[in-house]
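Source file: my_file_9.cif; contents: mmCIF, C-alpha atoms.
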data_work
#
loop_
_atom_site.label_atom_id
_atom_site.label_comp_id
_atom_site.auth_asym_id
_atom_site.auth_seq_id
_atom_site.Cartn_x
_atom_site.Cartn_y
_atom_site.Cartn_z
CA MET N 920 28.84 -39.29 -46.44
CA ALA N 921 29.66 -38.77 -42.76
CA ALA N 922 28.78 -35.07 -43.06
CA THR N 923 25.42 -35.94 -44.63
CA SER N 924 24.65 -38.41 -41.86
CA SER N 925 25.46 -35.76 -39.26
CA ARG N 926 23.11 -33.26 -40.90
CA VAL N 927 20.29 -35.82 -40.98
CA PHE N 928 20.92 -36.69 -37.34
CA PHE N 929 20.78 -33.09 -36.16
CA LEU N 930 17.73 -32.40 -38.34
CA ALA N 931 15.98 -35.35 -36.71
CA LEU N 932 16.85 -34.00 -33.26
CA SER N 933 15.51 -30.59 -34.23
CA LEU N 934 12.25 -32.08 -35.41
CA LEU N 935 11.86 -34.10 -32.24
CA ALA N 936 12.43 -30.99 -30.14
CA TYR N 937 9.94 -28.98 -32.17
CA PHE N 938 7.31 -31.59 -32.93
CA PRO N 939 5.47 -31.63 -29.57
CA PHE N 940 4.68 -27.96 -29.98
CA CYS N 941 4.22 -27.62 -33.71
CA SER N 942 1.01 -26.08 -34.99
CA CYS N 943 0.05 -29.32 -36.71
CA HIS N 944 -0.81 -30.84 -33.34
CA CYS N 945 -3.03 -27.88 -32.54
CA SER N 946 -5.56 -29.24 -34.97
CA SER N 947 -6.70 -31.29 -31.97
CA VAL N 948 -7.37 -28.06 -30.09
CA SER N 949 -10.43 -27.09 -32.07
CA ASN N 950 -12.82 -24.39 -30.98
CA LYS N 951 -15.31 -27.12 -30.10
CA ASN N 952 -15.17 -29.44 -27.11
CA ALA N 953 -16.22 -33.07 -26.99
CA GLU N 954 -19.79 -32.05 -26.11
CA GLY N 955 -20.12 -29.83 -29.17
CA GLY N 956 -19.64 -26.54 -27.34
CA MET N 957 -17.89 -23.64 -29.03
CA MET N 958 -15.04 -23.32 -26.52
CA LYS N 959 -12.38 -25.77 -25.34
CA GLY N 960 -12.52 -24.55 -21.77
CA MET N 961 -12.41 -21.66 -19.33
CA PHE N 962 -9.81 -19.98 -17.14
CA VAL N 963 -11.26 -18.07 -14.20
CA PHE N 964 -9.80 -15.25 -12.10
CA GLY N 965 -11.35 -13.23 -9.32
CA SER N 966 -12.97 -13.39 -5.89
CA SER N 967 -15.54 -15.44 -3.98
CA LEU N 968 -18.33 -14.92 -6.51
CA VAL N 969 -16.39 -17.11 -8.97
CA ASP N 970 -14.17 -19.13 -6.59
CA ASN N 971 -14.59 -22.91 -6.99
CA GLY N 972 -12.76 -23.82 -3.80
CA ASN N 973 -9.20 -22.51 -3.89
CA ASN N 974 -9.37 -21.14 -0.35
CA ASN N 975 -10.03 -24.66 0.96
CA PHE N 976 -6.35 -25.36 0.42
CA LEU N 977 -4.94 -22.13 1.88
CA PRO N 978 -3.60 -22.28 5.43
CA ASN N 979 -4.96 -19.58 7.73
CA SER N 980 -7.64 -18.37 5.30
CA LEU N 981 -10.73 -17.04 7.04
CA ALA N 982 -12.70 -16.81 3.79
CA ARG N 983 -13.79 -20.42 3.37
CA ALA N 984 -17.04 -22.10 2.39
CA ASP N 985 -16.10 -25.76 2.73
CA TYR N 986 -18.77 -26.63 5.28
CA LEU N 987 -22.56 -26.92 5.48
CA PRO N 988 -24.85 -25.22 4.77
CA TYR N 989 -22.69 -24.11 1.83
CA GLY N 990 -23.18 -26.60 -0.97
CA ILE N 991 -26.43 -27.91 0.47
CA ASP N 992 -27.86 -28.04 -3.06
CA PHE N 993 -24.59 -28.82 -4.85
CA PRO N 994 -24.13 -32.43 -6.06
CA LEU N 995 -20.72 -32.67 -4.39
CA GLY N 996 -21.80 -31.00 -1.16
CA PRO N 997 -19.65 -28.27 0.43
CA SER N 998 -16.90 -27.54 -2.08
CA GLY N 999 -15.71 -24.04 -1.30
CA ARG N 1000 -18.32 -22.33 -3.49
CA PHE N 1001 -19.85 -19.39 -1.62
CA THR N 1002 -23.47 -20.32 -2.30
CA ASN N 1003 -25.97 -23.09 -1.77
CA GLY N 1004 -25.45 -24.72 -5.17
CA ARG N 1005 -23.77 -23.81 -8.42
CA ASN N 1006 -22.00 -20.51 -8.93
CA VAL N 1007 -21.90 -18.45 -12.12
CA ILE N 1008 -18.82 -20.30 -13.40
CA ASP N 1009 -20.47 -23.72 -13.08
CA LEU N 1010 -23.52 -22.43 -14.92
CA LEU N 1011 -21.53 -20.75 -17.69
CA GLY N 1012 -19.68 -24.02 -18.14
CA GLY N 1013 -23.05 -25.67 -18.69
CA HIS N 1014 -24.03 -23.12 -21.33
CA LEU N 1015 -20.68 -23.64 -23.05
CA LYS N 1016 -21.24 -27.43 -22.91
CA LEU N 1017 -17.95 -28.02 -21.15
CA PRO N 1018 -17.61 -31.69 -20.20
CA SER N 1019 -16.73 -31.12 -16.54
CA LEU N 1020 -16.63 -28.58 -13.74
CA ILE N 1021 -13.63 -26.24 -13.75
CA PRO N 1022 -11.18 -27.45 -11.08
CA ALA N 1023 -9.58 -25.21 -8.45
CA PHE N 1024 -5.91 -24.43 -9.05
CA ALA N 1025 -4.91 -24.95 -5.39
CA ASP N 1026 -6.29 -28.48 -5.33
CA PRO N 1027 -3.26 -30.81 -5.61
CA LYS N 1028 -5.29 -33.02 -7.95
CA THR N 1029 -5.62 -30.22 -10.52
CA ARG N 1030 -2.77 -31.45 -12.69
CA GLY N 1031 -2.19 -33.31 -15.94
CA SER N 1032 -5.25 -34.01 -18.09
CA LYS N 1033 -7.53 -32.35 -15.52
CA ILE N 1034 -6.44 -28.89 -16.68
CA VAL N 1035 -7.30 -29.41 -20.37
CA HIS N 1036 -10.73 -27.78 -20.05
CA GLY N 1037 -9.54 -24.95 -17.84
CA VAL N 1038 -8.59 -24.03 -14.29
CA ASN N 1039 -10.15 -21.75 -11.71
CA PHE N 1040 -7.65 -19.45 -9.96
CA ALA N 1041 -10.17 -17.27 -8.07
CA SER N 1042 -9.84 -16.73 -4.33
CA GLY N 1043 -12.54 -15.57 -1.94
CA ALA N 1044 -11.91 -12.16 -0.28
CA SER N 1045 -9.22 -11.26 -2.84
CA GLY N 1046 -9.18 -8.19 -5.02
CA ILE N 1047 -7.54 -6.35 -7.87
CA LEU N 1048 -5.15 -4.69 -5.40
CA ASP N 1049 -2.54 -6.81 -3.67
CA ASP N 1050 -3.47 -5.71 -0.15
CA THR N 1051 -7.20 -6.29 -0.51
CA GLY N 1052 -8.21 -9.33 1.50
CA SER N 1053 -5.45 -9.10 4.09
CA LEU N 1054 -8.12 -8.93 6.80
CA ALA N 1055 -9.23 -12.43 5.77
CA GLY N 1056 -5.82 -14.02 6.32
CA HIS N 1057 -4.31 -15.97 3.44
CA VAL N 1058 -5.96 -15.22 0.08
CA ILE N 1059 -4.61 -15.14 -3.49
CA ASN N 1060 -4.71 -11.67 -5.05
CA LEU N 1061 -5.32 -11.19 -8.76
CA ASN N 1062 -1.67 -10.57 -9.62
CA GLN N 1063 -0.69 -13.84 -7.97
CA GLN N 1064 -3.54 -15.66 -9.71
CA ILE N 1065 -2.15 -14.51 -13.05
CA ARG N 1066 1.36 -15.57 -12.04
CA ASN N 1067 0.03 -19.00 -11.10
CA PHE N 1068 -1.49 -19.27 -14.56
CA GLU N 1069 1.69 -18.12 -16.30
CA GLU N 1070 4.31 -19.96 -14.30
CA ILE N 1071 2.58 -23.25 -13.58
CA THR N 1072 -0.62 -23.99 -15.49
CA LEU N 1073 0.36 -22.56 -18.86
CA LEU N 1074 3.50 -24.66 -19.14
CA GLU N 1075 1.61 -27.79 -18.16
CA LEU N 1076 -1.20 -26.99 -20.61
CA GLU N 1077 1.27 -26.74 -23.49
CA THR N 1078 2.57 -30.17 -22.58
CA GLN N 1079 -0.91 -31.66 -22.37
CA LEU N 1080 -2.13 -30.18 -25.66
CA GLY N 1081 1.11 -30.54 -27.58
CA CYS N 1082 1.16 -26.96 -28.81
CA ARG N 1083 2.10 -23.50 -27.67
CA SER N 1084 -0.30 -21.12 -26.01
CA PRO N 1085 -0.74 -18.70 -28.97
CA GLN N 1086 -2.39 -21.58 -30.85
CA SER N 1087 -4.44 -23.02 -27.97
CA LEU N 1088 -5.57 -20.12 -25.78
CA PRO N 1089 -7.86 -18.41 -28.34
CA ASN N 1090 -10.10 -21.45 -27.87
CA TYR N 1091 -10.54 -20.74 -24.16
CA LEU N 1092 -12.74 -18.21 -22.37
CA PHE N 1093 -11.02 -16.02 -19.76
CA VAL N 1094 -13.46 -14.90 -17.06
CA VAL N 1095 -12.48 -12.16 -14.62
CA GLY N 1096 -14.85 -11.38 -11.75
CA THR N 1097 -13.37 -9.09 -9.11
CA GLY N 1098 -13.38 -5.55 -7.72
CA GLY N 1099 -16.10 -5.57 -5.07
CA ASN N 1100 -13.73 -6.48 -2.25
CA ASP N 1101 -11.46 -3.60 -3.19
CA TYR N 1102 -14.28 -1.35 -2.00
CA SER N 1103 -15.93 -3.39 0.78
CA PHE N 1104 -12.72 -4.61 2.45
CA ASN N 1105 -10.28 -1.93 1.38
CA TYR N 1106 -11.51 1.53 0.39
CA PHE N 1107 -14.40 1.73 2.89
CA LEU N 1108 -12.55 0.00 5.73
CA ARG N 1109 -9.04 1.44 5.73
CA SER N 1110 -8.44 4.74 7.48
CA SER N 1111 -5.57 5.37 5.06
CA ASN N 1112 -8.18 5.80 2.31
CA GLN N 1113 -10.11 8.57 4.09
CA ASN N 1114 -8.31 11.26 2.14
CA VAL N 1115 -8.48 9.41 -1.18
CA ASN N 1116 -11.17 10.63 -3.53
CA LEU N 1117 -13.49 7.84 -4.70
CA LYS N 1118 -13.09 8.82 -8.34
CA ILE N 1119 -9.30 8.71 -8.06
CA PHE N 1120 -9.39 5.36 -6.27
CA THR N 1121 -11.70 3.94 -8.96
CA ALA N 1122 -9.58 5.30 -11.81
CA ASN N 1123 -6.48 3.70 -10.29
CA LEU N 1124 -8.33 0.44 -9.67
CA THR N 1125 -9.51 0.30 -13.28
CA ALA N 1126 -6.03 1.13 -14.57
CA THR N 1127 -4.59 -1.74 -12.51
CA LEU N 1128 -7.19 -4.15 -13.89
CA SER N 1129 -6.40 -2.94 -17.41
CA ARG N 1130 -2.74 -3.87 -16.95
CA GLN N 1131 -3.76 -7.29 -15.61
CA LEU N 1132 -6.00 -7.97 -18.61
CA LYS N 1133 -3.18 -6.92 -20.94
CA LYS N 1134 -0.87 -9.34 -19.17
CA LEU N 1135 -3.29 -12.19 -19.86
CA HIS N 1136 -3.51 -11.05 -23.48
CA SER N 1137 0.27 -11.09 -23.78
CA LEU N 1138 0.19 -14.72 -22.64
CA GLY N 1139 -2.24 -15.63 -25.42
CA ALA N 1140 -5.73 -14.95 -24.04
CA ARG N 1141 -8.12 -13.57 -26.65
CA LYS N 1142 -11.70 -13.99 -25.45
CA PHE N 1143 -12.57 -12.25 -22.18
CA VAL N 1144 -15.62 -11.97 -19.96
CA VAL N 1145 -15.42 -9.25 -17.32
CA MET N 1146 -18.03 -9.29 -14.57
CA SER N 1147 -19.32 -6.10 -13.00
CA VAL N 1148 -19.27 -5.47 -9.27
CA ASN N 1149 -22.61 -6.39 -7.68
CA PRO N 1150 -24.77 -3.81 -5.81
CA LEU N 1151 -22.64 -3.79 -2.67
CA GLY N 1152 -25.02 -1.61 -0.71
CA CYS N 1153 -27.90 -4.07 -1.04
CA SER N 1154 -26.21 -7.02 0.66
CA PRO N 1155 -27.56 -8.06 4.08
CA VAL N 1156 -24.22 -7.50 5.83
CA VAL N 1157 -24.10 -3.87 4.66
CA ARG N 1158 -27.78 -3.10 5.24
CA MET N 1159 -27.68 -4.49 8.77
CA ASN N 1160 -25.83 -1.60 10.42
CA ARG N 1161 -26.19 1.35 8.07
CA PRO N 1162 -29.01 3.69 7.05
CA THR N 1163 -30.55 2.74 3.72
CA HIS N 1164 -32.40 4.49 0.92
CA ASN N 1165 -34.85 2.36 -1.08
CA GLY N 1166 -33.55 -0.61 0.88
CA CYS N 1167 -29.85 -0.19 0.03
CA VAL N 1168 -26.84 1.80 1.25
CA GLN N 1169 -26.35 4.38 -1.45
CA ASN N 1170 -22.69 5.32 -1.04
CA MET N 1171 -21.67 1.67 -1.48
CA ASN N 1172 -23.84 1.33 -4.57
CA ARG N 1173 -22.49 4.58 -6.00
CA ALA N 1174 -18.96 3.19 -5.70
CA ALA N 1175 -19.96 -0.04 -7.43
CA HIS N 1176 -21.79 1.87 -10.17
CA LEU N 1177 -18.77 4.12 -10.74
CA PHE N 1178 -16.44 1.14 -11.10
CA ASN N 1179 -18.85 -0.59 -13.45
CA SER N 1180 -19.06 2.49 -15.66
CA HIS N 1181 -15.27 2.56 -15.87
CA LEU N 1182 -15.18 -1.17 -16.59
CA LYS N 1183 -17.72 -0.92 -19.40
CA SER N 1184 -15.74 1.92 -20.98
CA LEU N 1185 -12.55 -0.11 -20.58
CA VAL N 1186 -14.03 -2.85 -22.77
CA ASP N 1187 -14.10 -0.40 -25.69
CA VAL N 1188 -10.76 1.21 -24.99
CA ILE N 1189 -8.69 -1.90 -24.29
CA ARG N 1190 -9.84 -3.82 -27.36
CA ALA N 1191 -7.77 -1.50 -29.54
CA GLU N 1192 -4.77 -2.09 -27.27
CA MET N 1193 -5.12 -5.89 -27.32
CA PRO N 1194 -5.01 -7.01 -30.99
CA GLY N 1195 -7.31 -9.88 -31.87
CA SER N 1196 -9.23 -9.72 -28.60
CA SER N 1197 -12.97 -9.87 -27.90
CA LEU N 1198 -14.49 -8.79 -24.61
CA VAL N 1199 -17.93 -9.02 -23.01
CA PHE N 1200 -18.95 -6.91 -20.02
CA VAL N 1201 -21.60 -8.66 -17.91
CA ASN N 1202 -23.63 -6.20 -15.85
CA SER N 1203 -24.53 -8.41 -12.88
CA TYR N 1204 -25.13 -5.18 -10.92
CA LYS N 1205 -28.18 -4.38 -13.05
CA ILE N 1206 -29.39 -7.98 -13.14
CA ILE N 1207 -29.35 -8.26 -9.34
CA ARG N 1208 -30.66 -4.72 -8.79
CA ASP N 1209 -33.62 -5.45 -11.06
CA ILE N 1210 -34.40 -8.56 -9.00
CA ILE N 1211 -34.21 -6.60 -5.74
CA LYS N 1212 -36.48 -3.84 -7.04
CA ASN N 1213 -39.15 -6.27 -8.27
CA PRO N 1214 -38.46 -9.63 -6.64
CA ILE N 1215 -41.92 -11.17 -7.13
CA SER N 1216 -41.90 -10.59 -10.87
CA LYS N 1217 -38.50 -12.29 -11.08
CA GLY N 1218 -39.58 -15.32 -9.04
CA PHE N 1219 -38.19 -14.26 -5.63
CA LYS N 1220 -39.82 -13.51 -2.28
CA ASP N 1221 -36.94 -12.35 -0.05
CA SER N 1222 -34.43 -9.83 -1.39
CA SER N 1223 -33.08 -8.45 1.87
CA THR N 1224 -32.16 -11.19 4.35
CA SER N 1225 -29.71 -14.09 4.35
CA CYS N 1226 -31.05 -17.56 3.66
CA CYS N 1227 -28.54 -19.14 6.02
CA GLU N 1228 -27.92 -18.32 9.65
CA VAL N 1229 -24.99 -15.91 9.63
CA ALA N 1230 -22.48 -16.02 12.47
CA SER N 1231 -22.27 -12.68 14.24
CA ILE N 1232 -19.05 -11.06 15.37
CA SER N 1233 -19.84 -11.99 19.00
CA GLU N 1234 -20.09 -15.61 17.83
CA GLY N 1235 -16.71 -15.43 16.15
CA GLY N 1236 -18.13 -14.67 12.73
CA ASN N 1237 -17.92 -11.64 10.47
CA GLY N 1238 -21.55 -11.02 9.58
CA ILE N 1239 -20.98 -12.44 6.09
CA LEU N 1240 -20.40 -16.18 6.20
CA CYS N 1241 -22.92 -18.82 7.20
CA LYS N 1242 -22.65 -20.25 10.68
CA ARG N 1243 -21.03 -23.67 10.52
CA GLY N 1244 -23.85 -26.20 10.67
CA GLY N 1245 -26.35 -23.38 11.22
CA GLU N 1246 -29.98 -23.08 10.18
CA VAL N 1247 -30.89 -22.54 6.54
CA CYS N 1248 -34.09 -21.44 4.85
CA ALA N 1249 -36.26 -24.14 3.30
CA ASN N 1250 -36.93 -22.48 -0.06
CA ARG N 1251 -33.51 -21.34 -1.24
CA SER N 1252 -34.77 -20.52 -4.72
CA SER N 1253 -36.96 -17.71 -3.37
CA HIS N 1254 -34.03 -15.90 -1.68
CA VAL N 1255 -31.69 -13.46 -3.42
CA PHE N 1256 -28.90 -13.80 -0.85
CA PHE N 1257 -27.63 -17.07 0.58
CA ASP N 1258 -25.33 -15.54 3.22
CA GLY N 1259 -24.55 -11.95 4.16
CA LEU N 1260 -23.00 -11.13 0.79
CA HIS N 1261 -23.28 -13.87 -1.83
CA PRO N 1262 -26.29 -14.65 -4.05
CA THR N 1263 -28.13 -17.95 -4.16
CA GLU N 1264 -27.88 -20.40 -7.02
CA ALA N 1265 -31.25 -19.08 -8.23
CA VAL N 1266 -29.71 -15.63 -8.80
CA ASN N 1267 -26.58 -17.15 -10.35
CA ILE N 1268 -28.80 -18.99 -12.84
CA GLN N 1269 -30.27 -15.69 -14.01
CA ILE N 1270 -26.87 -13.98 -14.24
CA ALA N 1271 -25.34 -16.84 -16.25
CA ALA N 1272 -28.31 -17.12 -18.59
CA LYS N 1273 -28.35 -13.40 -19.32
CA ALA N 1274 -24.57 -13.33 -19.73
CA TYR N 1275 -24.87 -16.06 -22.32
CA VAL N 1276 -27.86 -15.01 -24.43
CA SER N 1277 -29.22 -11.59 -23.40
CA SER N 1278 -29.77 -9.14 -26.24
CA LEU N 1279 -29.91 -6.12 -23.92
CA LYS N 1280 -26.79 -3.97 -23.99
CA THR N 1281 -27.64 -2.79 -20.49
CA GLU N 1282 -27.03 -6.39 -19.34
CA VAL N 1283 -24.21 -7.50 -21.66
CA TYR N 1284 -21.95 -5.25 -23.72
CA PRO N 1285 -21.20 -5.07 -26.60
CA THR N 1286 -22.69 -8.52 -27.16
CA ASN N 1287 -23.40 -11.71 -25.25
CA ILE N 1288 -21.06 -14.63 -24.60
CA ALA N 1289 -22.80 -16.92 -27.09
CA GLN N 1290 -22.20 -14.45 -29.91
CA MET N 1291 -18.62 -13.76 -28.88
CA THR N 1292 -17.68 -17.44 -28.74
CA LYS N 1293 -18.96 -17.91 -32.29
CA SER N 1294 -16.79 -15.11 -33.63
CA LYS N 1295 -13.54 -15.85 -35.44
CA ILE N 1296 -10.31 -14.36 -34.15
#
Go ahead and express the file in the form of structure tokens.
Amino acid sequence: MAATSSRVFFLALSLLAYFPFCSCHCSSVSNKNAEGGMMKGMFVFGSSLVDNGNNNFLPNSLARADYLPYGIDFPLGPSGRFTNGRNVIDLLGGHLKLPSLIPAFADPKTRGSKIVHGVNFASGASGILDDTGSLAGHVINLNQQIRNFEEITLLELETQLGCRSPQSLPNYLFVVGTGGNDYSFNYFLRSSNQNVNLKIFTANLTATLSRQLKKLHSLGARKFVVMSVNPLGCSPVVRMNRPTHNGCVQNMNRAAHLFNSHLKSLVDVIRAEMPGSSLVFVNSYKIIRDIIKNPISKGFKDSSTSCCEVASISEGGNGILCKRGGEVCANRSSHVFFDGLHPTEAVNIQIAAKAYVSSLKTEVYPTNIAQMTKSKI
């Protein structure tokens, strides 16, 4: 009798230890959110184009957008988003019918129930390579972003949802938008890269990103969106001091185009190496380049200058970021660029919309996000 009681006691303990993470509780983690969208949430990795404000909380970071005129059209005002209003992540969240904005990982308030619909780990000025962004002071490189997800957020998410990541993470979208800074603030700036062939640099960069995507897959990620590098040579900061052809600096655009070609090919190759995965390549390069080539037909008037007053180097700026409290154009929706590098909300709206529903394989490959999120894994 005593032996039987002991077995029952230890069985009960075992069930209690297992129960919080058993698959039966994952029935609450459906592939629909409370608003009827097809995904539970979104985890975001990358640079300033997708950063929701992580650099606000980093000491000694020079890549910050937590002041006006940034956020002039954003409901919460300056938030660390490098644009006048919503960025691509905010807009994709709207298409996915997520119930709230994706919070920044570095914000101390991003804990507990606030992480249930995803977390944004992106950091302005960061890159795929660990040393990219060092010129901007303290930033969070992509490897560290992934470690933050694995070592902190993932454990807390399992506790919040009551199930392990292999059951929950297939219901989340993993967005990765990075790579441009590895060229702008690494390859083209560092003298140590002068003897490195661009093709070799790009092949190594793509191989590094491939390993990082596989790491996320090993943690349970299944649905990925990878963003192309934008046309680097068309940004105001680049065009300002370099000779252009058709309005853009061609060697910068060639580098971006080369990376994007590798990234698109990677989508096909890596799927076979990541069982159960789906990937979408969003060609924001083409979307923005098409706007710049024919701005009027796309609803824009200015495709070459910054909407905000950019602080020059002599003023303590870097030619990229808006001057704190500086002048800003009246009609933001007619400008392609808000500052010296980053697009306006109007451009982000077009990128997000095309990423979600475009049927053109030159814009999204092999399908769009709406189709991918409907697919069964």
Closest contacts (region 936-1040 of chain N/region 1092-1116 of chain N, max 8 Å, only C-alpha atoms) as CSV:
residue,atom,partner,partner_atom,distance
N:Met958,CA,N:Leu1092,CA,7.0
N:Gly960,CA,N:Leu1092,CA,6.4
N:Met961,CA,N:Leu1092,CA,4.6
N:Phe962,CA,N:Phe1093,CA,4.9
N:Val963,CA,N:Val1094,CA,4.8
N:Phe964,CA,N:Val1095,CA,4.8
N:Gly965,CA,N:Thr1097,CA,4.6
N:Ser966,CA,N:Thr1097,CA,5.4
N:Leu968,CA,N:Gly1096,CA,7.2
N:Val969,CA,N:Gly1096,CA,6.6
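Excluding Gly996 (chain N) itself and same-chain residues fewer than 4 positions from it, the residues having an atom within 12 Å of it are Gly972, Ala984, Asp985, Tyr986, Leu987, Pro988, Tyr989, Gly990, Ile991, Asp992, Arg1000, Phe1001, Thr1002, Asn1003, Gly1004 and Arg1005 of chain N, counting only C-alpha atoms.
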What does the structure give for the distance between CA of Phe1024 (chain N) and CA of Ile1071 (chain N), in Å to one decimal? 9.7 Å
Residues returned when the PyMOL selection byres ((chain N and resi 1269) around 12) runs on this file, as a ChimeraX atom specification: /N:1005-1007,1010-1011,1201-1203,1205-1207,1209-1210,1217-1219,1252,1255,1262-1268,1270-1277,1282
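Going from CA of Met1146 (chain N) over to CA of Pro1022 (chain N), you cover 19.7 Å.
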Residue with smallest distance to Ser980 (chain N) - pool N:Pro1285, N:Gly1195, N:Pro1162, N:Gly1052, counting all atoms listed in the file: N:Gly1052
Distance of CA of Thr1292 (chain N) from CA of Ser1032 (chain N), expressed in Å to one decimal place: 23.3 Å
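Checking N:Ala1023, N:Cys1226, N:Leu1015, N:Val1199 one by one against Ile1239 (chain N), counting all atoms listed in the file, you find the shortest gap at N:Cys1226.
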Taking the file as I've supplied it (selection: the PyMOL selection byres ((chain N and resi 1138) around 9)), which residues are included? Please answer as an mmCIF file with C-alpha atoms, keeping the file's coordinate frame.
data_model
loop_
_atom_site.group_PDB
_atom_site.id
_atom_site.type_symbol
_atom_site.label_atom_id
_atom_site.label_comp_id
_atom_site.auth_asym_id
_atom_site.auth_seq_id
_atom_site.Cartn_x
_atom_site.Cartn_y
_atom_site.Cartn_z
ATOM 1 C CA GLU N 1069 1.690 -18.120 -16.300
ATOM 2 C CA LEU N 1073 0.360 -22.560 -18.860
ATOM 3 C CA SER N 1084 -0.300 -21.120 -26.010
ATOM 4 C CA PRO N 1085 -0.740 -18.700 -28.970
ATOM 5 C CA LEU N 1088 -5.570 -20.120 -25.780
ATOM 6 C CA LYS N 1133 -3.180 -6.920 -20.940
ATOM 7 C CA LYS N 1134 -0.870 -9.340 -19.170
ATOM 8 C CA LEU N 1135 -3.290 -12.190 -19.860
ATOM 9 C CA HIS N 1136 -3.510 -11.050 -23.480
ATOM 10 C CA SER N 1137 0.270 -11.090 -23.780
ATOM 11 C CA GLY N 1139 -2.240 -15.630 -25.420
ATOM 12 C CA ALA N 1140 -5.730 -14.950 -24.040
#
Can you tell me, as a PyMOL selection string, what residues are no more than 7 Å from Val1229 (chain N) when counting all atoms listed in the file, ignoring any on the same chain fewer than 4 positions away? chain N and resi 1238-1242+1258-1259
